[in-house]
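Trainee: Take a look at entry19.txt, compact mmCIF, C-alpha atoms:
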```txt
# COMPACT_ATOMS: atom_id res chain seq x y z
CA PHE A 1 0.00 0.00 0.00
CA ALA A 2 2.98 2.32 0.34
CA ALA A 3 2.95 2.90 -3.43
CA PHE A 4 -0.75 3.77 -3.30
CA PHE A 5 -0.19 6.25 -0.51
CA ALA A 6 2.66 8.00 -2.33
CA ALA A 7 0.65 8.16 -5.55
CA VAL A 8 -2.33 9.73 -3.79
CA ILE A 9 -0.16 12.36 -2.11
CA VAL A 10 1.40 13.40 -5.43
CA LEU A 11 -1.88 13.25 -7.33
CA PHE A 12 -3.78 15.58 -5.02
CA ALA A 13 -1.02 17.89 -3.76
CA PRO A 14 -2.08 21.54 -4.22
CA ASN A 15 0.84 22.43 -6.49
CA CYS A 16 0.83 19.19 -8.44
CA ALA A 17 0.52 19.11 -12.22
CA GLN A 18 -1.65 16.03 -12.60
CA SER A 19 -0.88 15.72 -16.31
CA GLN A 20 2.59 14.46 -15.37
CA ILE A 21 1.19 11.46 -13.54
CA PHE A 22 -1.12 9.93 -16.11
CA LYS A 23 -0.53 10.40 -19.81
CA GLY A 24 -3.71 11.86 -21.15
CA PHE A 25 -5.13 12.48 -17.67
CA GLY A 26 -7.69 15.23 -17.88
CA GLY A 27 -7.32 15.33 -21.65
CA SER A 28 -3.72 16.58 -21.61
CA LYS A 29 -1.09 14.49 -23.39
CA SER A 30 1.93 16.73 -23.02
CA ILE A 31 4.71 16.17 -20.50
CA GLY A 32 7.05 19.14 -20.46
CA PRO A 33 8.96 21.45 -18.16
CA LYS A 34 5.91 23.68 -17.62
CA PRO A 35 2.85 21.45 -17.36
CA GLN A 36 -0.52 22.96 -16.54
CA THR A 37 -2.38 21.90 -13.43
CA VAL A 38 -5.65 20.11 -14.17
CA GLU A 39 -8.66 21.89 -12.73
CA PHE A 40 -11.55 19.79 -11.41
CA ARG A 41 -15.07 21.11 -10.91
CA ASP A 42 -15.53 18.77 -7.94
CA LYS A 43 -14.08 15.56 -6.45
CA TRP A 44 -15.74 12.32 -5.36
CA ALA A 45 -14.49 9.06 -3.87
CA VAL A 46 -15.99 5.67 -3.11
CA LEU A 47 -13.84 3.42 -0.91
CA VAL A 48 -14.79 -0.25 -0.61
CA VAL A 49 -12.82 -2.28 1.93
CA LEU A 50 -13.48 -5.88 2.98
CA THR A 51 -12.25 -7.03 6.38
CA LYS A 52 -14.38 -10.19 6.53
CA TYR A 53 -16.47 -12.44 4.30
CA GLU A 54 -19.54 -14.58 4.79
CA ASP A 55 -17.85 -17.43 2.90
CA ALA A 56 -15.18 -18.96 5.17
CA LYS A 57 -13.14 -19.87 2.09
CA LEU A 58 -12.44 -16.19 1.51
CA LYS A 59 -9.81 -14.77 3.83
CA ALA A 60 -9.74 -11.06 4.55
CA VAL A 61 -6.73 -8.94 3.61
CA LYS A 62 -5.14 -8.24 6.98
CA SER A 63 -3.90 -4.74 6.12
CA ALA A 64 -7.31 -3.58 4.84
CA THR A 65 -8.28 -1.57 7.94
CA ALA A 66 -4.98 0.30 8.05
CA ASN A 67 -5.12 0.97 4.32
CA LEU A 68 -8.57 2.52 4.62
CA ALA A 69 -7.51 4.74 7.52
CA ILE A 70 -4.49 6.07 5.62
CA LEU A 71 -6.32 6.67 2.36
CA SER A 72 -9.34 8.32 4.01
CA LYS A 73 -7.10 10.64 6.01
CA THR A 74 -5.14 11.55 2.87
CA LEU A 75 -8.21 12.33 0.77
CA LEU A 76 -9.81 14.46 3.49
CA ASP A 77 -6.64 16.35 4.41
CA ASN A 78 -7.23 20.00 3.45
CA LYS A 79 -3.60 20.34 2.35
CA ILE A 80 -3.42 17.15 0.27
CA GLY A 81 -6.58 15.50 -1.03
CA ARG A 82 -8.93 18.35 -0.12
CA PHE A 83 -12.05 16.22 -0.60
CA SER A 84 -15.24 17.37 1.13
CA ASP A 85 -16.38 15.11 3.98
CA ASN A 86 -19.66 14.31 2.26
CA HIS A 87 -17.92 13.49 -1.01
CA VAL A 88 -16.07 10.43 0.34
CA ALA A 89 -18.28 7.36 0.72
CA THR A 90 -16.84 4.44 2.68
CA ILE A 91 -18.24 0.90 2.59
CA PHE A 92 -16.50 -1.29 5.15
CA GLY A 93 -16.56 -4.87 6.42
CA GLU A 94 -19.79 -6.85 6.39
CA ARG A 95 -21.68 -3.79 5.15
CA ALA A 96 -19.80 -4.09 1.84
CA THR A 97 -22.46 -6.12 0.06
CA ARG A 98 -23.03 -5.98 -3.67
CA GLU A 99 -26.21 -3.99 -3.10
CA ALA A 100 -24.46 -1.47 -0.86
CA VAL A 101 -21.67 -0.89 -3.38
CA THR A 102 -24.17 -0.53 -6.22
CA ASN A 103 -26.23 1.94 -4.19
CA ALA A 104 -23.16 4.02 -3.35
CA LEU A 105 -22.20 4.27 -7.01
CA GLN A 106 -25.75 5.15 -7.95
CA ASN A 107 -26.31 7.75 -5.23
CA GLU A 108 -22.86 9.30 -4.95
CA LEU A 109 -21.52 9.15 -8.50
CA PHE A 110 -24.10 8.43 -11.20
CA LYS A 111 -26.47 11.10 -9.86
CA LYS A 112 -23.92 13.73 -8.80
CA ALA A 113 -20.62 13.49 -10.69
CA LEU A 114 -20.18 15.52 -13.87
CA PRO A 115 -17.74 15.19 -16.81
CA ASP A 116 -15.25 17.70 -15.35
CA ASP A 117 -15.14 16.03 -11.92
CA LEU A 118 -12.43 13.81 -10.45
CA ILE A 119 -13.66 10.37 -9.38
CA VAL A 120 -11.61 8.03 -7.20
CA ILE A 121 -12.57 4.38 -6.67
CA TYR A 122 -10.65 2.25 -4.14
CA LEU A 123 -11.24 -1.50 -3.96
CA CYS A 124 -9.45 -3.44 -1.22
CA GLY A 125 -10.03 -7.15 -0.69
CA ARG A 126 -10.06 -10.40 -2.66
CA ALA A 127 -10.62 -10.91 -6.36
CA ILE A 128 -11.63 -14.01 -8.30
CA TYR A 129 -10.44 -14.28 -11.89
CA ARG A 130 -12.66 -15.67 -14.62
CA ASP A 131 -11.77 -15.56 -18.32
CA ASP A 132 -10.84 -11.95 -19.14
CA ASP A 133 -12.31 -10.35 -16.05
CA ALA A 134 -11.81 -10.09 -12.30
CA PHE A 135 -14.67 -10.18 -9.82
CA PHE A 136 -14.19 -8.12 -6.70
CA CYS A 137 -15.51 -10.13 -3.77
CA THR A 138 -18.22 -8.43 -1.75
CA TYR A 139 -19.19 -9.64 1.73
CA GLU A 140 -21.68 -12.25 0.49
CA THR A 141 -19.68 -13.54 -2.49
CA ASP A 142 -19.68 -17.31 -2.93
CA VAL A 143 -16.20 -18.43 -3.93
CA THR A 144 -17.69 -21.08 -6.24
CA ASP A 145 -19.87 -18.56 -8.09
CA PRO A 146 -18.38 -15.03 -8.03
CA THR A 147 -20.77 -13.83 -10.74
CA ASN A 148 -23.66 -14.10 -8.29
CA ALA A 149 -22.61 -11.49 -5.72
CA GLY A 150 -19.16 -10.42 -6.86
CA ILE A 151 -18.61 -7.25 -8.87
CA SER A 152 -17.09 -7.37 -12.34
CA ILE A 153 -14.27 -4.81 -12.29
CA ARG A 154 -14.46 -4.52 -16.08
CA ASN A 155 -18.19 -3.78 -16.04
CA LEU A 156 -17.94 -1.48 -13.02
CA LEU A 157 -15.38 0.84 -14.60
CA THR A 158 -16.94 0.75 -18.07
CA GLU A 159 -20.35 1.67 -16.67
CA LEU A 160 -18.88 4.36 -14.41
CA ARG A 161 -17.23 6.07 -17.37
CA ARG A 162 -20.36 5.76 -19.51
CA ARG A 163 -22.74 7.10 -16.87
CA THR A 164 -20.61 10.02 -15.64
CA GLN A 165 -18.74 10.86 -18.87
CA SER A 166 -15.85 11.93 -16.65
CA LYS A 167 -12.39 11.86 -18.23
CA ASN A 168 -10.82 11.97 -14.76
CA ILE A 169 -11.52 8.59 -13.17
CA VAL A 170 -8.85 6.76 -11.17
CA CYS A 171 -9.35 3.27 -9.80
CA PHE A 172 -7.00 2.06 -7.07
CA LEU A 173 -6.95 -1.74 -7.04
CA ASP A 174 -5.57 -3.15 -3.80
CA VAL A 175 -6.72 -6.72 -4.38
CA SER A 176 -5.24 -10.14 -3.72
CA PRO A 177 -6.37 -13.31 -5.48
CA VAL A 178 -8.11 -16.34 -4.10
CA LEU A 179 -5.67 -19.25 -4.22
CA ASP A 180 -5.25 -21.44 -7.34
CA GLN A 181 -6.60 -18.86 -9.75
CA LYS A 182 -5.64 -18.40 -13.38
CA TRP A 183 -5.43 -14.88 -14.76
CA THR A 184 -4.41 -12.80 -17.76
CA PRO A 185 -1.16 -10.91 -16.97
CA GLU A 186 -2.27 -7.88 -19.02
CA LEU A 187 -5.76 -7.81 -17.50
CA TRP A 188 -5.51 -4.42 -15.79
CA THR A 189 -4.11 -2.84 -18.96
CA GLN A 190 -6.91 -4.35 -21.02
CA ILE A 191 -9.62 -3.12 -18.65
CA ALA A 192 -8.08 0.36 -18.45
CA LYS A 193 -8.01 0.70 -22.23
CA GLU A 194 -11.52 -0.66 -22.69
CA SER A 195 -13.11 1.48 -19.97
CA ASN A 196 -10.98 4.61 -20.48
CA VAL A 197 -10.28 4.64 -16.76
CA SER A 198 -6.82 5.02 -15.19
CA ILE A 199 -5.96 2.01 -13.00
CA LEU A 200 -3.29 2.08 -10.30
CA ALA A 201 -2.80 -1.46 -9.02
CA ALA A 202 -0.86 -2.59 -5.96
CA ALA A 203 0.20 -5.71 -7.84
CA ALA A 204 -0.11 -7.46 -11.17
CA PRO A 205 -3.28 -9.54 -11.69
CA GLY A 206 -3.16 -12.70 -9.59
CA GLN A 207 -0.41 -11.51 -7.28
CA PRO A 208 -1.00 -10.55 -3.63
CA SER A 209 -0.94 -6.83 -2.96
CA TYR A 210 1.92 -5.44 -0.88
CA GLN A 211 1.60 -6.18 2.84
CA SER A 212 -1.55 -8.24 2.29
CA ASN A 213 -0.12 -10.91 4.63
CA PHE A 214 -1.32 -13.62 2.31
```
Kindly present the structure from the file in structure tokens form.
Mentor:
Amino acid sequence: FAAFFAAVIVLFAPNCAQSQIFKGFGGSKSIGPKPQTVEFRDKWAVLVVLTKYEDAKLKAVKSATANLAILSKTLLDNKIGRFSDNHVATIFGERATREAVTNALQNELFKKALPDDLIVIYLCGRAIYRDDDAFFCTYETDVTDPTNAGISIRNLLTELRRRTQSKNIVCFLDVSPVLDQKWTPELWTQIAKESNVSILAAAAPGQPSYQSNF
């Protein structure tokens, strides 16, 4: 998570030129000695962190609670993230059901975020890989059938971009796989290109995230 923390600090620092972090971020493709700072109309964040699962076969990521505390503090810091308190939605532990995550996206982002806004999504927990997709495990996900209650990361980001039309969406993936999973090494790159969403991942698909205490 240290890499995530450093990236967030740089991304939201008051004097930061965001165009230097992501090529094409905010519609700017130039990286030069005098980059322009990207201006956002508003900023929104949805943080989903799993510390336990209904299915005993799914083990929680032990550093999840600490990760959430650090990221929330960073986003809300008036000298760093500068997010408004009511613009950061947190879904934590057993409350992180598929319905709760869907409702948060619907109420906080689809209805409120506009094309010139910055949107941050943080997913911390387990992921199950199927074909060319990864399903983020919600509290009630059944490890044998992730499509039932899990959330397709590909569909989530594609729909988020389509519904908000925002060019400034960043998804932080702090996910570790369920054991004995097959995956596509380029999966995050594929999803980022297809959805037009910037993805910052703590690890390559199928690998445990840093300090996940697998």
Trainee: Where does segment 80-148 of chain A meet segment 42-48 of chain A within 8 Å, residue by residue, with the nearest atom pair and distance in Å to one decimal for each, counting only C-alpha atoms, listed by chain and rising number, as a tab-separated table?
Mentor:
```
residue	atom	partner	partner_atom	distance
A:Phe83	CA	A:Lys43	CA	6.2
A:Ser84	CA	A:Lys43	CA	7.9
A:His87	CA	A:Trp44	CA	5.0
A:Val88	CA	A:Ala45	CA	4.7
A:Ala89	CA	A:Val46	CA	4.8
A:Thr90	CA	A:Leu47	CA	4.8
A:Ile91	CA	A:Val48	CA	4.8
A:Phe92	CA	A:Val48	CA	6.1
A:Ala96	CA	A:Val48	CA	6.8
A:Val101	CA	A:Val48	CA	7.4
A:Ala104	CA	A:Val46	CA	7.4
A:Leu105	CA	A:Val46	CA	7.5
A:Glu108	CA	A:Trp44	CA	7.7
A:Leu109	CA	A:Trp44	CA	7.3
A:Ala113	CA	A:Trp44	CA	7.3
A:Asp116	CA	A:Asp42	CA	7.5
A:Asp117	CA	A:Asp42	CA	4.8
A:Leu118	CA	A:Lys43	CA	4.7
A:Ile119	CA	A:Trp44	CA	4.9
A:Val120	CA	A:Ala45	CA	4.5
A:Ile121	CA	A:Val46	CA	5.1
A:Tyr122	CA	A:Leu47	CA	4.7
A:Leu123	CA	A:Val48	CA	5.0
A:Cys124	CA	A:Val48	CA	6.3
```
Trainee: Distance table requested - segment 148-200 of chain A against segment 61-70 of chain A, cut-off 12 Å, only C-alpha atoms: one row per qualifying residue with the closest atom pair and its distance in Å to one decimal, ordered by chain and rising residue number, as CSV.
Mentor:
```
residue,atom,partner,partner_atom,distance
A:Phe172,CA,A:Asn67,CA,11.6
A:Leu173,CA,A:Asn67,CA,11.8
A:Asp174,CA,A:Ala64,CA,8.8
A:Val175,CA,A:Val61,CA,8.3
A:Ser176,CA,A:Val61,CA,7.6
A:Pro177,CA,A:Val61,CA,10.1
A:Val178,CA,A:Val61,CA,10.8
```
Trainee: What is the distance between atom CA of Asp85 of chain A and atom CA of Gly125 of chain A, in Å to one decimal?
Mentor: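 Computed distance, atom CA of Asp85 of chain A to atom CA of Gly125 of chain A, equals 23.6 Å.
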Trainee: Take atom CA of Arg161 of chain A and atom CA of Arg130 of chain A and report the distance between them in Å, one decimal.
Mentor: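 Going from atom CA of Arg161 of chain A over to atom CA of Arg130 of chain A, I get 22.4 Å.
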Trainee: Centre and edge lengths of an axis-aligned box around all listed atoms of segment 158-170 of chain A, with 3 Å added on each side, are to be given in Å to one decimal, as AutoDock Vina command-line options.
Mentor:
```
--center_x -15.8 --center_y 6.4 --center_z -15.3 --size_x 19.9 --size_y 17.2 --size_z 14.3
```
Trainee: Could you tell me how far atom CA of Thr97 of chain A sits from atom CA of Thr138 of chain A, in Å to one decimal place?
Mentor: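 Spanning atom CA of Thr138 of chain A to atom CA of Thr97 of chain A is a straight-line distance of 5.2 Å.
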Trainee: Counting all atoms listed in the file, which residue out of A:Ile191, A:Ser152, A:Ala134, A:Pro115 sits closest to Thr164 of chain A?
Mentor: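 Using all atoms listed in the file, Thr164 of chain A sits closest to A:Pro115.
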Trainee: Quick one: residues within 10 Å of Gln106 of chain A, only C-alpha atoms counted, chain neighbours fewer than 6 positions away excluded, as a ChimeraX atom specification?
Mentor: /A:100,112,160,163
Trainee: Of the residues A:Val197, A:Cys137, A:Ile169, A:Leu75, which is the one nearest to Glu54 of chain A, using only C-alpha atoms?
Mentor: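 Nearest to Glu54 of chain A: A:Cys137.
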Trainee: Ranking A:Asn107, A:Thr158, A:Glu140, A:Arg98 by minimum distance to Asn86 of chain A and counting all atoms listed in the file, which one comes first?
Mentor: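 Nearest candidate to Asn86 of chain A out of A:Asn107, A:Thr158, A:Glu140, A:Arg98: A:Asn107.
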Trainee: So that I can see what lies close to Tyr53 of chain A, please list as a VMD selection string the residues with an atom at most 8 Å from it, counting all atoms listed in the file and leaving out residues fewer than 6 positions away in the same chain.
Mentor: chain A and resid 59 to 60 93 to 94 138 to 141
Trainee: Give the answer as one residue: which of A:Thr74, A:Asn148, A:Asn168, A:Thr102 has the shortest atom-to-atom distance to Phe135 of chain A, using only C-alpha atoms?
Mentor: A:Asn148
Trainee: With distances taken over all atoms listed in the file, which residue among A:Leu114, A:Asp77, A:Lys193, A:Val49 lies nearest Phe136 of chain A?
Mentor: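 So, comparing all the options, the nearest one is A:Val49.
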